[in-house]
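Here's model03.txt, which has compact mmCIF, C-alpha atoms (C1' of nucleotides):
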```txt
# COMPACT_ATOMS: atom_id res chain seq x y z
CA MET A 1 52.35 95.16 100.39
CA GLY A 2 49.27 93.77 98.73
CA ASN A 3 49.70 96.03 95.76
CA ILE A 4 52.48 94.25 94.00
CA GLU A 5 52.54 96.61 91.04
CA GLU A 6 54.90 95.17 88.44
CA ASN A 7 56.74 98.20 87.24
CA ASN A 8 58.33 96.19 84.52
CA THR A 9 57.89 97.65 81.05
CA GLU A 10 58.49 94.39 79.29
CA ALA A 11 55.74 92.67 81.26
CA THR A 12 53.41 95.64 80.88
CA ILE A 13 53.80 95.41 77.12
CA LEU A 14 53.12 91.70 77.11
CA GLU A 15 49.92 92.17 79.10
CA ALA A 16 48.71 94.89 76.76
CA ALA A 17 49.68 92.86 73.72
CA LYS A 18 47.74 89.92 75.10
CA ARG A 19 44.61 92.04 75.49
CA VAL A 20 44.84 93.44 71.97
CA PHE A 21 45.99 90.35 70.07
CA LEU A 22 43.42 88.16 71.76
CA ARG A 23 40.61 90.37 70.53
CA LYS A 24 41.95 91.42 67.13
CA GLY A 25 44.28 88.68 66.01
CA LEU A 26 47.71 89.14 64.46
CA PHE A 27 46.64 91.17 61.43
CA GLY A 28 43.81 93.09 63.06
CA ALA A 29 45.94 94.33 65.95
CA ARG A 30 47.84 97.64 65.67
CA MET A 31 51.13 98.29 67.42
CA GLN A 32 49.88 101.77 68.28
CA GLU A 33 46.86 100.29 70.03
CA ILE A 34 49.06 98.00 72.09
CA ALA A 35 51.27 100.95 73.03
CA ASN A 36 48.24 103.01 74.06
CA ASP A 37 46.83 100.15 76.08
CA ALA A 38 50.16 99.73 77.84
CA GLY A 39 50.44 103.49 78.37
CA ILE A 40 53.90 103.61 76.81
CA ASN A 41 55.53 104.70 73.60
CA LYS A 42 55.19 102.71 70.42
CA ALA A 43 58.94 102.63 69.85
CA LEU A 44 59.37 100.71 73.08
CA LEU A 45 57.46 97.78 71.67
CA HIS A 46 60.23 97.33 69.13
CA TYR A 47 62.92 98.02 71.68
CA TYR A 48 61.75 95.06 73.77
CA TYR A 49 60.33 92.68 71.19
CA ARG A 50 62.02 93.68 67.91
CA SER A 51 58.96 93.09 65.70
CA LYS A 52 55.21 92.65 65.76
CA GLN A 53 55.63 89.02 64.80
CA LYS A 54 57.95 88.32 67.73
CA LEU A 55 55.64 90.07 70.15
CA PHE A 56 52.78 88.03 68.83
CA GLU A 57 54.72 84.82 69.27
CA ALA A 58 55.45 85.70 72.88
CA VAL A 59 51.75 86.23 73.47
CA PHE A 60 50.79 83.02 71.73
CA LYS A 61 53.31 80.98 73.63
CA GLN A 62 52.08 82.28 76.94
CA ALA A 63 48.43 81.76 75.99
CA PHE A 64 49.00 78.21 74.88
CA GLY A 65 51.12 77.55 77.94
CA LEU A 66 48.18 78.53 80.11
CA MET A 67 45.73 76.21 78.37
CA ALA A 68 47.57 73.05 77.52
CA PRO A 69 49.12 71.89 80.80
CA ARG A 70 45.77 72.21 82.47
CA ILE A 71 44.34 69.54 80.17
CA ASN A 72 47.43 67.40 80.34
CA ASN A 73 47.54 67.25 84.14
CA VAL A 74 44.02 65.92 84.36
CA LEU A 75 44.48 63.49 81.47
CA ASN A 76 47.46 61.88 83.17
CA SER A 77 46.15 61.92 86.71
CA ASP A 78 45.18 58.64 88.37
CA LEU A 79 41.52 59.56 88.59
CA GLU A 80 38.88 57.13 87.42
CA LEU A 81 37.38 57.95 84.04
CA GLU A 82 34.19 59.41 85.41
CA ASP A 83 36.03 61.71 87.82
CA LYS A 84 38.48 62.60 85.11
CA ILE A 85 35.67 63.80 82.87
CA ILE A 86 34.13 65.78 85.72
CA SER A 87 37.46 67.34 86.57
CA LEU A 88 38.30 68.17 82.97
CA THR A 89 35.03 69.88 82.18
CA GLN A 90 34.45 71.66 85.48
CA ASN A 91 37.96 72.97 85.86
CA TYR A 92 38.32 73.92 82.26
CA ILE A 93 35.03 75.76 82.02
CA SER A 94 35.89 77.64 85.21
CA PHE A 95 39.26 78.53 83.78
CA VAL A 96 37.93 79.73 80.44
CA ILE A 97 35.24 81.83 82.11
CA LYS A 98 38.17 83.84 83.48
CA HIS A 99 39.96 83.93 80.10
CA PRO A 100 37.17 83.87 77.55
CA TYR A 101 39.26 84.96 74.56
CA LEU A 102 41.99 82.38 74.97
CA PRO A 103 40.46 79.44 73.11
CA SER A 104 39.47 81.26 69.95
CA PHE A 105 42.79 83.05 69.88
CA VAL A 106 44.76 79.81 70.04
CA ILE A 107 42.51 78.00 67.61
CA GLN A 108 42.42 80.82 65.07
CA GLU A 109 46.16 81.12 65.06
CA LEU A 110 46.64 77.37 64.64
CA ASN A 111 44.21 77.44 61.73
CA SER A 112 46.17 80.07 59.87
CA ASN A 113 49.43 78.33 60.74
CA PRO A 114 48.71 74.60 61.05
CA ASP A 115 52.33 73.52 60.80
CA PHE A 116 53.04 75.22 64.07
CA VAL A 117 51.26 72.40 65.87
CA ALA A 118 54.24 70.16 65.10
CA THR A 119 56.47 72.50 67.09
CA LEU A 120 54.06 72.57 70.00
CA ILE A 121 53.75 68.79 70.19
CA SER A 122 57.44 68.38 70.82
CA GLU A 123 57.30 70.70 73.81
CA ASP A 124 56.61 69.75 77.39
CA HIS A 125 53.09 69.77 78.69
CA PHE A 126 51.51 69.25 75.30
CA PRO A 127 48.48 67.10 76.09
CA ASN A 128 49.08 63.42 75.68
CA ILE A 129 45.98 61.26 75.65
CA THR A 130 47.66 57.86 75.87
CA VAL A 131 46.65 57.22 79.47
CA PHE A 132 43.11 58.39 78.78
CA ARG A 133 42.90 56.18 75.71
CA ASN A 134 43.97 53.07 77.58
CA GLN A 135 41.57 53.83 80.37
CA VAL A 136 38.65 54.10 77.97
CA ASN A 137 39.62 50.97 76.05
CA GLN A 138 39.86 48.96 79.25
CA LEU A 139 36.45 50.07 80.47
CA VAL A 140 34.91 49.29 77.09
CA ALA A 141 36.52 45.84 77.06
CA ALA A 142 35.25 45.18 80.58
CA GLU A 143 31.78 46.36 79.52
CA LYS A 144 31.80 49.01 82.20
CA ILE A 145 30.93 51.69 79.66
CA LYS A 146 29.32 51.63 76.23
CA PRO A 147 31.61 51.01 73.26
CA ILE A 148 33.25 54.20 72.07
CA ASP A 149 36.44 55.18 70.30
CA PRO A 150 38.63 57.03 72.84
CA ASN A 151 39.54 59.67 70.27
CA GLN A 152 35.88 60.40 69.63
CA LEU A 153 35.17 60.61 73.33
CA PHE A 154 38.07 62.95 73.89
CA ILE A 155 36.97 65.20 71.03
CA ASN A 156 33.45 65.22 72.44
CA VAL A 157 34.74 66.34 75.83
CA ILE A 158 36.78 69.16 74.34
CA SER A 159 34.02 70.22 71.94
CA LEU A 160 31.36 70.48 74.62
CA THR A 161 33.75 72.36 76.89
CA ILE A 162 35.25 74.91 74.55
CA PHE A 163 32.86 75.54 71.67
CA PRO A 164 30.31 77.59 73.65
CA PHE A 165 33.06 80.15 74.30
CA ILE A 166 34.31 80.28 70.74
CA ALA A 167 30.89 80.64 69.20
CA ALA A 168 29.32 82.76 71.94
CA PRO A 169 27.86 85.50 69.71
CA LEU A 170 26.36 82.96 67.32
CA LEU A 171 24.93 80.80 70.09
CA LYS A 172 23.51 83.83 71.85
CA GLY A 173 21.71 84.58 68.61
CA PHE A 174 20.39 81.03 68.20
CA THR A 175 19.14 80.79 71.76
CA ARG A 176 17.98 84.42 71.90
CA LEU A 177 19.63 84.78 75.30
CA ASP A 178 21.05 88.09 76.48
CA ASP A 179 24.56 88.36 77.91
CA LYS A 180 23.49 87.69 81.46
CA ALA A 181 21.37 84.66 80.64
CA TYR A 182 24.09 83.22 78.42
CA LYS A 183 26.63 83.70 81.19
CA GLN A 184 24.36 81.74 83.51
CA LEU A 185 23.96 79.01 80.90
CA ILE A 186 27.75 78.71 80.68
CA GLU A 187 27.95 78.61 84.46
CA ASP A 188 25.45 75.74 84.47
CA ARG A 189 27.59 73.84 82.01
CA LYS A 190 30.17 73.27 84.75
CA VAL A 191 27.95 70.41 85.86
CA GLU A 192 25.72 69.89 82.82
CA VAL A 193 28.51 68.88 80.47
CA SER A 194 29.96 66.11 82.61
CA ASN A 195 26.48 64.78 83.37
CA PHE A 196 25.71 64.70 79.68
CA ILE A 197 28.90 62.85 78.79
CA ILE A 198 28.62 60.36 81.60
CA ASN A 199 25.01 59.63 80.67
CA ALA A 200 26.12 59.00 77.13
CA ILE A 201 28.68 56.34 78.01
CA LYS A 202 27.51 54.70 81.21
CA ILE A 203 25.73 51.37 81.19
CA GLU A 204 22.53 51.45 83.22
CA LYS A 205 22.12 48.70 85.77
CA MET B 1 25.57 71.53 28.01
CA GLY B 2 27.02 70.23 31.22
CA ASN B 3 29.73 72.83 31.25
CA ILE B 4 27.73 75.84 32.33
CA GLU B 5 30.70 78.16 32.55
CA GLU B 6 29.54 81.39 34.21
CA ASN B 7 31.35 84.02 32.24
CA ASN B 8 30.20 86.63 34.68
CA THR B 9 32.99 88.74 36.14
CA GLU B 10 31.04 89.71 39.19
CA ALA B 11 30.41 86.08 40.11
CA THR B 12 33.98 85.10 39.31
CA ILE B 13 35.21 87.72 41.74
CA LEU B 14 32.86 86.55 44.46
CA GLU B 15 34.06 82.97 44.10
CA ALA B 16 37.70 84.02 44.29
CA ALA B 17 36.98 86.31 47.23
CA LYS B 18 35.28 83.45 49.02
CA ARG B 19 38.31 81.21 48.60
CA VAL B 20 40.74 83.86 49.86
CA PHE B 21 38.66 85.38 52.66
CA LEU B 22 37.69 81.99 54.03
CA ARG B 23 41.32 81.02 54.47
CA LYS B 24 42.85 84.38 55.41
CA GLY B 25 40.09 86.38 57.04
CA LEU B 26 39.26 90.02 56.40
CA PHE B 27 42.62 91.48 57.42
CA GLY B 28 44.82 88.65 56.22
CA ALA B 29 43.38 88.66 52.72
CA ARG B 30 44.88 90.85 49.97
CA MET B 31 42.87 92.36 47.16
CA GLN B 32 45.72 91.49 44.80
CA GLU B 33 45.50 87.86 45.81
CA ILE B 34 41.78 87.79 45.13
CA ALA B 35 42.35 89.39 41.73
CA ASN B 36 45.04 86.85 40.88
CA ASP B 37 42.83 84.00 42.00
CA ALA B 38 40.00 85.32 39.84
CA GLY B 39 42.36 85.86 36.93
CA ILE B 40 41.30 89.48 36.53
CA ASN B 41 42.58 92.94 37.25
CA LYS B 42 42.68 94.37 40.75
CA ALA B 43 40.84 97.52 39.70
CA LEU B 44 37.84 95.44 38.72
CA LEU B 45 37.31 94.37 42.29
CA HIS B 46 36.63 97.98 43.13
CA TYR B 47 34.60 98.51 40.01
CA TYR B 48 32.16 95.77 41.06
CA TYR B 49 32.30 95.92 44.84
CA ARG B 50 33.55 99.44 45.67
CA SER B 51 35.67 98.43 48.66
CA LYS B 52 37.31 95.48 50.36
CA GLN B 53 34.82 95.77 53.21
CA LYS B 54 31.84 95.53 50.85
CA LEU B 55 33.31 92.57 49.03
CA PHE B 56 33.88 90.88 52.35
CA GLU B 57 30.32 91.49 53.39
CA ALA B 58 29.04 89.93 50.21
CA VAL B 59 31.14 86.85 50.93
CA PHE B 60 30.00 86.65 54.51
CA LYS B 61 26.35 86.99 53.60
CA GLN B 62 26.59 84.17 51.12
CA ALA B 63 28.53 81.96 53.50
CA PHE B 64 26.07 82.48 56.31
CA GLY B 65 23.19 81.97 53.91
CA LEU B 66 24.57 78.55 53.08
CA MET B 67 24.87 77.46 56.69
CA ALA B 68 21.90 78.85 58.55
CA PRO B 69 18.87 77.67 56.56
CA ARG B 70 20.19 74.15 56.67
CA ILE B 71 19.91 74.14 60.46
CA ASN B 72 16.62 75.95 60.46
CA ASN B 73 14.87 73.56 58.09
CA VAL B 74 15.66 70.57 60.26
CA LEU B 75 14.81 72.38 63.49
CA ASN B 76 11.34 73.21 62.23
CA SER B 77 10.59 69.96 60.48
CA ASP B 78 7.99 67.61 61.96
CA LEU B 79 10.53 64.88 62.72
CA GLU B 80 10.60 63.29 66.14
CA LEU B 81 13.39 64.51 68.38
CA GLU B 82 15.59 61.50 67.87
CA ASP B 83 15.33 61.69 64.08
CA LYS B 84 15.81 65.41 64.23
CA ILE B 85 19.10 64.97 66.03
CA ILE B 86 20.21 62.31 63.56
CA SER B 87 19.25 64.49 60.64
CA LEU B 88 20.92 67.60 62.06
CA THR B 89 24.24 65.97 62.80
CA GLN B 90 24.50 63.69 59.77
CA ASN B 91 23.47 66.27 57.22
CA TYR B 92 25.47 69.03 58.74
CA ILE B 93 28.67 67.06 59.08
CA SER B 94 28.30 65.93 55.46
CA PHE B 95 27.76 69.52 54.41
CA VAL B 96 30.74 70.90 56.31
CA ILE B 97 33.02 68.17 54.98
CA LYS B 98 32.39 69.79 51.61
CA HIS B 99 32.91 73.34 52.95
CA PRO B 100 35.41 72.90 55.76
CA TYR B 101 36.35 76.57 56.11
CA LEU B 102 32.82 77.91 56.40
CA PRO B 103 32.22 77.47 60.14
CA SER B 104 35.39 79.09 61.39
CA PHE B 105 35.00 81.90 58.90
CA VAL B 106 31.49 82.72 60.10
CA ILE B 107 32.33 82.32 63.75
CA GLN B 108 35.53 84.35 63.59
CA GLU B 109 33.77 87.21 61.86
CA LEU B 110 30.92 87.20 64.37
CA ASN B 111 33.46 87.28 67.17
CA SER B 112 35.13 90.41 65.85
CA ASN B 113 31.77 91.96 65.07
CA PRO B 114 29.27 90.60 67.61
CA ASP B 115 26.66 93.28 67.00
CA PHE B 116 26.20 91.98 63.50
CA VAL B 117 24.28 89.02 64.92
CA ALA B 118 21.37 91.35 65.64
CA THR B 119 21.12 92.12 61.93
CA LEU B 120 21.23 88.46 61.01
CA ILE B 121 18.52 87.46 63.45
CA SER B 122 16.00 89.75 61.82
CA GLU B 123 16.56 88.08 58.45
CA ASP B 124 14.74 85.09 57.05
CA HIS B 125 16.09 81.64 57.65
CA PHE B 126 17.94 82.56 60.83
CA PRO B 127 17.60 79.45 62.96
CA ASN B 128 14.72 79.53 65.36
CA ILE B 129 14.76 76.89 68.05
CA THR B 130 11.26 77.43 69.42
CA VAL B 131 9.83 74.23 67.94
CA PHE B 132 12.87 72.24 69.08
CA ARG B 133 12.60 73.72 72.57
CA ASN B 134 8.93 72.78 72.96
CA GLN B 135 9.62 69.32 71.67
CA VAL B 136 12.36 68.74 74.23
CA ASN B 137 10.33 70.20 77.08
CA GLN B 138 7.38 67.96 76.25
CA LEU B 139 9.50 64.83 76.14
CA VAL B 140 11.12 65.75 79.44
CA ALA B 141 7.72 66.39 81.05
CA ALA B 142 6.45 63.05 79.75
CA GLU B 143 9.59 61.36 81.08
CA LYS B 144 10.44 60.07 77.66
CA ILE B 145 13.96 61.52 77.91
CA LYS B 146 16.18 62.54 80.79
CA PRO B 147 15.72 66.06 82.14
CA ILE B 148 17.72 68.59 80.15
CA ASP B 149 17.48 72.27 79.34
CA PRO B 150 16.66 72.55 75.62
CA ASN B 151 19.20 75.34 75.17
CA GLN B 152 21.93 73.15 76.62
CA LEU B 153 20.94 70.25 74.41
CA PHE B 154 20.92 72.44 71.33
CA ILE B 155 24.34 73.85 72.16
CA ASN B 156 25.63 70.32 72.68
CA VAL B 157 24.39 69.27 69.27
CA ILE B 158 26.03 72.23 67.55
CA SER B 159 29.26 71.92 69.53
CA LEU B 160 29.73 68.25 68.74
CA THR B 161 28.94 68.85 65.09
CA ILE B 162 31.00 71.92 64.31
CA PHE B 163 33.92 72.11 66.73
CA PRO B 164 35.98 69.29 65.20
CA PHE B 165 36.16 71.33 61.99
CA ILE B 166 37.07 74.59 63.65
CA ALA B 167 39.78 73.11 65.81
CA ALA B 168 41.05 70.53 63.33
CA PRO B 169 44.77 71.35 63.60
CA LEU B 170 44.65 71.36 67.40
CA LEU B 171 42.66 68.14 67.61
CA LYS B 172 44.94 66.45 65.09
CA GLY B 173 47.78 67.35 67.44
CA PHE B 174 46.02 66.04 70.54
CA THR B 175 45.04 62.75 68.94
CA ARG B 176 48.28 62.40 66.96
CA LEU B 177 46.27 61.48 63.89
CA ASP B 178 47.49 62.31 60.40
CA ASP B 179 45.25 64.04 57.86
CA LYS B 180 43.86 60.84 56.46
CA ALA B 181 43.04 59.29 59.83
CA TYR B 182 41.46 62.51 61.06
CA LYS B 183 39.34 62.68 57.93
CA GLN B 184 38.13 59.16 58.66
CA LEU B 185 37.38 60.10 62.25
CA ILE B 186 35.25 63.00 61.03
CA GLU B 187 33.51 60.68 58.60
CA ASP B 188 32.70 58.34 61.48
CA ARG B 189 31.17 61.21 63.40
CA LYS B 190 28.25 61.26 60.97
CA VAL B 191 26.85 58.39 63.02
CA GLU B 192 28.90 58.63 66.22
CA VAL B 193 27.64 62.07 67.22
CA SER B 194 23.93 61.29 67.05
CA ASN B 195 24.48 57.99 68.87
CA PHE B 196 26.35 59.80 71.59
CA ILE B 197 23.66 62.44 72.05
CA ILE B 198 20.79 59.99 71.99
CA ASN B 199 22.55 57.78 74.53
CA ALA B 200 22.96 60.82 76.75
CA ILE B 201 19.27 61.69 76.86
CA LYS B 202 17.35 58.49 76.38
CA ILE B 203 15.83 56.63 79.30
CA GLU B 204 16.74 52.95 79.30
CA LYS B 205 13.89 50.53 79.60
C1' DG C 1 65.33 103.26 78.76
C1' DT C 2 62.21 106.38 76.86
C1' DC C 3 60.82 109.68 73.79
C1' DT C 4 59.95 112.41 68.89
C1' DA C 5 60.30 112.39 64.26
C1' DT C 6 60.53 110.13 60.14
C1' DA C 7 61.85 106.61 56.81
C1' DG C 8 60.07 103.06 53.90
C1' DC C 9 56.81 100.02 52.44
C1' DC C 10 52.64 98.06 51.30
C1' DA C 11 47.88 97.76 50.22
C1' DG C 12 43.42 99.84 49.11
C1' DA C 13 41.52 102.91 46.12
C1' DT C 14 41.14 105.92 41.95
C1' DA C 15 42.15 108.38 37.37
C1' DG C 16 42.06 107.90 32.89
C1' DA C 17 43.32 105.50 28.43
C1' DC C 18 41.39 102.04 25.53
C1' DG D 1 34.06 96.75 31.07
C1' DT D 2 38.84 96.11 31.49
C1' DC D 3 43.32 97.58 31.74
C1' DT D 4 47.93 100.39 33.44
C1' DA D 5 49.70 103.68 36.24
C1' DT D 6 49.54 106.20 40.24
C1' DC D 7 47.94 108.33 44.47
C1' DT D 8 47.18 108.20 49.29
C1' DG D 9 47.05 106.76 53.89
C1' DG D 10 48.41 103.98 57.35
C1' DC D 11 51.36 100.99 59.55
C1' DT D 12 55.81 98.74 60.95
C1' DA D 13 60.14 99.82 61.98
C1' DT D 14 64.25 102.70 62.92
C1' DA D 15 67.34 106.82 63.70
C1' DG D 16 68.73 109.74 66.90
C1' DA D 17 68.07 113.23 70.74
C1' DC D 18 67.63 113.18 75.67
```
Encoded form using structure tokens:
Amino acid sequence: MGNIEENNTEATILEAAKRVFLRKGLFGARMQEIANDAGINKALLHYYYRSKQKLFEAVFKQAFGLMAPRINNVLNSDLELEDKIISLTQNYISFVIKHPYLPSFVIQELNSNPDFVATLISEDHFPNITVFRNQVNQLVAAEKIKPIDPNQLFINVISLTIFPFIAAPLLKGFTRLDDKAYKQLIEDRKVEVSNFIINAIKIEK
Amino acid sequence: MGNIEENNTEATILEAAKRVFLRKGLFGARMQEIANDAGINKALLHYYYRSKQKLFEAVFKQAFGLMAPRINNVLNSDLELEDKIISLTQNYISFVIKHPYLPSFVIQELNSNPDFVATLISEDHFPNITVFRNQVNQLVAAEKIKPIDPNQLFINVISLTIFPFIAAPLLKGFTRLDDKAYKQLIEDRKVEVSNFIINAIKIEK
DNA sequence: GTCTATAGCCAGATAGAC
DNA sequence: GTCTATCTGGCTATAGAC
């Protein structure tokens, strides 16, 4: 017990494929590399997943399934707006620290295949911002927060949360921070980002 | 006059390569497609640029050269912080509207080749945030703006500016906006983003 | 289910005529 | 400088033994 080693080839392949596809993308990845990483034979990849494309789709689906519901749950919770923003940013940054390649993988793939978004929308757990939108509009109408378009606010939240992971090498260059210092900066963003957003919209008494 | 048609094969190739690489990436792009797009023979690509890799590097260098100095000039101007933020966001969003594929191209490439950033830093026009950093620190010390780490503020500015372009398909999905409405939302960000940032840091009287 | 060996294809690169 | 034709290597995918 304790060492629940999944001795399932199919799952082993998927894990290896995730590691390789996330770093190299669909075209950059090599089936041989995935096989090596999984410690199994290349032919088995096709035995279980038929083609590279299908294997990739399995990886993408799982990756997206990890990211999206996490946003959706918070968006539709009954938290007040301020707590919702704190929860979104803190939880999401913590999550992405553990899976740093996920966002750019998902975003890259959607860029080269934009029509796929339509398929995703129709599935469960695809983030729905209706509740969030109403919440923001009500607070604006009641003059509890500064006027802002809910879509813009939502995009700001997501941008501030995710972009520092996607553009890490570039931002490390701009700030001249080494890996360790940048990691600390990201860590700090767990609280910095929500503070920043709340400062931007709250009305001072 | 007026129709300065560059009848230069080398430049024609670079333009075509830019169009294809920006949309497909290094591995997704096909030399044949670039040749077709340029209206010339595939062998000529190799005649002028030796290899796909070298052609790609030429494209990347030009793309990065378009983006980076634009940030750097504003960062090192003698504008006050507030105007600097307005200038950065407005000008940059306007610029990227005209070149929507540039940011994700540059960022994707740097992700798959992070060590390349070191080379870029040593070149001219690579953004240097020293002036910006001092400016922020002084204003914080003088209690003219709320306390914030200059690196965090800089990253916030860049995130809010660039991310909506990189993640356009995803964000269109989240907000359920069609192309036209999303375009308008981006247009609005020319003023929305700087307002948001300035609200976040300014001290109310 | 797992392996070895290989088919088949496609894309980058080059040779050589003009 | 520009073209056609072709080579070469590498990669996905499969056939077939165990």
With a distance threshold of 12 Å and counting all atoms listed in the file, extract the residues of chain A near chain D and express them as a ChimeraX atom specification. /A:27-33,42-47,49-53
Please identify all polymer residues within 9 Å of stretch 105-118 of chain A, counting only C-alpha atoms (C1' of nucleotides), omitting same-chain residues fewer than 4 positions from it, and present them as a PyMOL selection string. (chain A and resi 21-26+60+63-64+101+122+166) or (chain B and resi 23-24+104+108+166-170+172-173)
Quick check, in Å to one decimal: how far apart do atom CA of A:Ile13 and atom CA of A:Ala68 lie?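 About the pair atom CA of A:Ile13 and atom CA of A:Ala68: they are 23.2 Å apart.
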Between atom CA of A:Ile34 and atom CA of A:Gln62, distance in Å (one decimal): 16.7 Å
I'd like the interatomic distance between atom CA of A:Tyr92 and atom CA of A:Ile71, to a tenth of an Å.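 Taking atom CA of A:Tyr92 and atom CA of A:Ile71, their separation equals 7.7 Å.
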May I ask you to extract the residues of chain C within 9 Å of chain B, using all atoms listed in the file, and to give them as a list in words? DA11, DG12, DA13 and DT14 of chain C
Produce a file of the selected residues containing C-alpha atoms (C1' of nucleotides), as a PDB file, in the coordinates of the input.
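Printed below is selection06.pdb as written:
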```pdb
ATOM      1  C1'  DA C  11      47.880  97.760  50.220  1.00  0.00           C
ATOM      2  C1'  DG C  12      43.420  99.840  49.110  1.00  0.00           C
ATOM      3  C1'  DA C  13      41.520 102.910  46.120  1.00  0.00           C
ATOM      4  C1'  DT C  14      41.140 105.920  41.950  1.00  0.00           C
TER       5       DT C  14
END
```
Using all atoms listed in the file, which protein or nucleic acid residues come within 9 Å of stretch 136-142 of chain A? Drop anything in the same chain fewer than 6 positions from it, and give the result as a PyMOL selection string. chain A and resi 81+148-150+153
Here is a test: counting all atoms listed in the file, which residue of B:Ser77, B:Thr175, B:Ser87, B:Ser194 is nearest to chain A?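 Of B:Ser77, B:Thr175, B:Ser87, B:Ser194, the one nearest chain A is B:Thr175, counting all atoms listed in the file.
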10 Å contact set for B:Asp37, all atoms listed in the file, chain neighbours under 6 positions out, as a list in words: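 Returned residues: Thr12, Ile13, Glu15, Ala16, Ala17, Arg19, Val20 and Met31 of chain B.
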Would you please work out which residue, of A:Glu192, A:Asp124, A:Asp179, A:Glu80, is nearest to chain B when using only C-alpha atoms?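 Distance minimum relative to chain B lands on A:Glu192.
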With all atoms listed in the file as the atoms that count, which of A:Ile40, A:Leu55, A:Leu75, A:Ile129 lies nearest to chain B?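 Selected residue with least distance to chain B: A:Ile129.
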Quick one: stretch 133-137 of chain A with all heavy atoms, as a PDB file, in the frame of the given file?
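Now in result.pdb:
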```pdb
ATOM      1  N   ARG A 133      43.295  57.153  76.730  1.00  0.00           N
ATOM      2  CA  ARG A 133      42.900  56.180  75.710  1.00  0.00           C
ATOM      3  C   ARG A 133      42.862  54.765  76.286  1.00  0.00           C
ATOM      4  O   ARG A 133      41.873  54.033  76.110  1.00  0.00           O
ATOM      5  CB  ARG A 133      43.910  56.252  74.562  1.00  0.00           C
ATOM      6  CG  ARG A 133      43.310  55.949  73.217  1.00  0.00           C
ATOM      7  CD  ARG A 133      44.322  55.875  72.092  1.00  0.00           C
ATOM      8  NE  ARG A 133      45.382  56.854  72.118  1.00  0.00           N
ATOM      9  CZ  ARG A 133      45.581  57.792  71.186  1.00  0.00           C
ATOM     10  NH1 ARG A 133      44.728  57.918  70.181  1.00  0.00           N
ATOM     11  NH2 ARG A 133      46.596  58.605  71.256  1.00  0.00           N
ATOM     12  N   ASN A 134      43.926  54.404  76.981  1.00  0.00           N
ATOM     13  CA  ASN A 134      43.970  53.070  77.580  1.00  0.00           C
ATOM     14  C   ASN A 134      42.838  52.854  78.572  1.00  0.00           C
ATOM     15  O   ASN A 134      42.206  51.801  78.617  1.00  0.00           O
ATOM     16  CB  ASN A 134      45.310  52.854  78.285  1.00  0.00           C
ATOM     17  CG  ASN A 134      46.460  52.784  77.291  1.00  0.00           C
ATOM     18  OD1 ASN A 134      46.251  52.493  76.112  1.00  0.00           O
ATOM     19  ND2 ASN A 134      47.665  53.077  77.774  1.00  0.00           N
ATOM     20  N   GLN A 135      42.618  53.888  79.366  1.00  0.00           N
ATOM     21  CA  GLN A 135      41.570  53.830  80.370  1.00  0.00           C
ATOM     22  C   GLN A 135      40.212  53.549  79.725  1.00  0.00           C
ATOM     23  O   GLN A 135      39.461  52.678  80.178  1.00  0.00           O
ATOM     24  CB  GLN A 135      41.543  55.202  81.059  1.00  0.00           C
ATOM     25  CG  GLN A 135      41.115  55.196  82.492  1.00  0.00           C
ATOM     26  CD  GLN A 135      41.426  56.537  83.148  1.00  0.00           C
ATOM     27  OE1 GLN A 135      41.947  57.469  82.506  1.00  0.00           O
ATOM     28  NE2 GLN A 135      41.094  56.664  84.418  1.00  0.00           N
ATOM     29  N   VAL A 136      39.925  54.275  78.657  1.00  0.00           N
ATOM     30  CA  VAL A 136      38.650  54.100  77.970  1.00  0.00           C
ATOM     31  C   VAL A 136      38.566  52.697  77.363  1.00  0.00           C
ATOM     32  O   VAL A 136      37.560  51.987  77.526  1.00  0.00           O
ATOM     33  CB  VAL A 136      38.451  55.172  76.884  1.00  0.00           C
ATOM     34  CG1 VAL A 136      37.229  54.863  76.025  1.00  0.00           C
ATOM     35  CG2 VAL A 136      38.346  56.549  77.505  1.00  0.00           C
ATOM     36  N   ASN A 137      39.633  52.292  76.689  1.00  0.00           N
ATOM     37  CA  ASN A 137      39.620  50.970  76.050  1.00  0.00           C
ATOM     38  C   ASN A 137      39.403  49.849  77.056  1.00  0.00           C
ATOM     39  O   ASN A 137      38.670  48.892  76.786  1.00  0.00           O
ATOM     40  CB  ASN A 137      40.928  50.748  75.281  1.00  0.00           C
ATOM     41  CG  ASN A 137      40.951  51.495  73.966  1.00  0.00           C
ATOM     42  OD1 ASN A 137      39.893  51.801  73.385  1.00  0.00           O
ATOM     43  ND2 ASN A 137      42.147  51.819  73.486  1.00  0.00           N
TER      44      ASN A 137
END
```
